[in-house]
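Encoded as structure tokens, the structure appears first; notes follow it.
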Amino acid sequence: MHANTITINQSMDEFDNHNSVWLFGYGSLIYNADFPFIEKKPARIHHWTRRFWQGSHDHRGTPEKPGRVVTLIEAPGDRCEGMAYLITPEEFTHLDQREKNGYLRLKVDIIFQDGSEKEGLVYIAEEENTAFLGPASEQEIANHIRHSVGPSGKNIDYVLHLADALRKLNETDEHVFEIERYLLQGK
């Protein structure tokens, strides 16, 4: 699958007849909601884990030297914490553009801190997209990130902002925090 997913996402019309839909953010959407929303709440989804396995050719890197950003990998029994935003379907135009580098909309059950649950969507970059970089050790990922920069800034800033946002949610993500440790130690 080609990394540019705008057309594919625009053909997904499952939520178009809704007045609003919940969007789950697990990466930069936690700390950089650059779109209008009706409401936001800390939330989680089950059976997924966050990994820095997606290449970023358009935000935190370039086509010649992609950065690394997070995607979700299926992980039965795990859970991924993040932020849910109640948005109108009109926001899909902006979000599809923002998440165009390999991310597809996927319907998920979003669980809020009070235990309530709503059907919503999340953008996930699956392994089949051409921007997918795949697994590596946290130290290798940190070394890659340290030298990457793109139109949205330094790749290292993405990691530091995400780690800070997770701490503000009182959440722990060892994958993110270990990469952050390597970056801060300069290793």
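Chain labels run A, B, ... following the order of the structure tokens; each chain numbers its residues from 1, and ligands are numbered from 1 in the order shown.
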Please report as JSON lines every residue of range 1-115 of chain A lying within 8 Å of range 121-128 of chain A, along with the nearest atom pair and their distance in Å (one decimal), using only C-alpha atoms.
{"residue": "A:Met1", "atom": "CA", "partner": "A:Glu128", "partner_atom": "CA", "distance": 5.7}
{"residue": "A:Val21", "atom": "CA", "partner": "A:Leu121", "partner_atom": "CA", "distance": 7.7}
{"residue": "A:Trp22", "atom": "CA", "partner": "A:Leu121", "partner_atom": "CA", "distance": 6.4}
{"residue": "A:Leu23", "atom": "CA", "partner": "A:Leu121", "partner_atom": "CA", "distance": 5.1}
{"residue": "A:Phe24", "atom": "CA", "partner": "A:Val122", "partner_atom": "CA", "distance": 5.1}
{"residue": "A:Gly25", "atom": "CA", "partner": "A:Val122", "partner_atom": "CA", "distance": 6.8}
{"residue": "A:Gln54", "atom": "CA", "partner": "A:Ala125", "partner_atom": "CA", "distance": 6.8}
{"residue": "A:Thr71", "atom": "CA", "partner": "A:Ala125", "partner_atom": "CA", "distance": 5.6}
{"residue": "A:Leu72", "atom": "CA", "partner": "A:Ile124", "partner_atom": "CA", "distance": 5.9}
{"residue": "A:Ile73", "atom": "CA", "partner": "A:Glu126", "partner_atom": "CA", "distance": 7.8}
{"residue": "A:Glu99", "atom": "CA", "partner": "A:Tyr123", "partner_atom": "CA", "distance": 7.2}
{"residue": "A:Gly102", "atom": "CA", "partner": "A:Ala125", "partner_atom": "CA", "distance": 5.2}
{"residue": "A:Tyr103", "atom": "CA", "partner": "A:Ala125", "partner_atom": "CA", "distance": 4.1}
{"residue": "A:Leu104", "atom": "CA", "partner": "A:Tyr123", "partner_atom": "CA", "distance": 5.1}
{"residue": "A:Arg105", "atom": "CA", "partner": "A:Tyr123", "partner_atom": "CA", "distance": 4.5}
{"residue": "A:Leu106", "atom": "CA", "partner": "A:Leu121", "partner_atom": "CA", "distance": 5.3}
{"residue": "A:Lys107", "atom": "CA", "partner": "A:Leu121", "partner_atom": "CA", "distance": 4.4}
{"residue": "A:Val108", "atom": "CA", "partner": "A:Leu121", "partner_atom": "CA", "distance": 5.4}
{"residue": "A:Asp109", "atom": "CA", "partner": "A:Leu121", "partner_atom": "CA", "distance": 7.9}
Dump as a Markdown table the rows for residues of range 38-120 of chain A within 10 Å of range 158-165 of chain A: closest atom pair and distance in Å with one decimal, only C-alpha atoms counted, ordered by chain and rising residue number.
| residue | atom | partner | partner_atom | distance |
| --- | --- | --- | --- | --- |
| A:Phe52 | CA | A:Val159 | CA | 9.3 |
| A:His59 | CA | A:Tyr158 | CA | 9.9 |
| A:Arg60 | CA | A:Tyr158 | CA | 7.8 |
| A:Gly67 | CA | A:Tyr158 | CA | 9.9 |
| A:Arg68 | CA | A:Tyr158 | CA | 9.2 |
| A:Val69 | CA | A:Tyr158 | CA | 7.7 |
| A:Val70 | CA | A:Val159 | CA | 9.2 |
| A:Gly82 | CA | A:Ala165 | CA | 8.9 |
| A:Met83 | CA | A:Ala165 | CA | 9.8 |
(request) Pull the alpha helix (DSSP H) assignments for range 38-187 of chain A out of DSSP run on the backbone, and list those residues as a ChimeraX atom specification. (result) /A:92-98,138-146,155-168,174-185
(request) Record the distance separating CA of Asn19 in chain A and CA of Gly120 in chain A, expressed in Å with one decimal. (result) 12.6 Å
(message) Give me, as a count of residues only, all polymer residues having an atom no more than 9 Å from Cys80 in chain A, counting only C-alpha atoms and skipping those fewer than 6 positions away in the same chain.
(response) 11
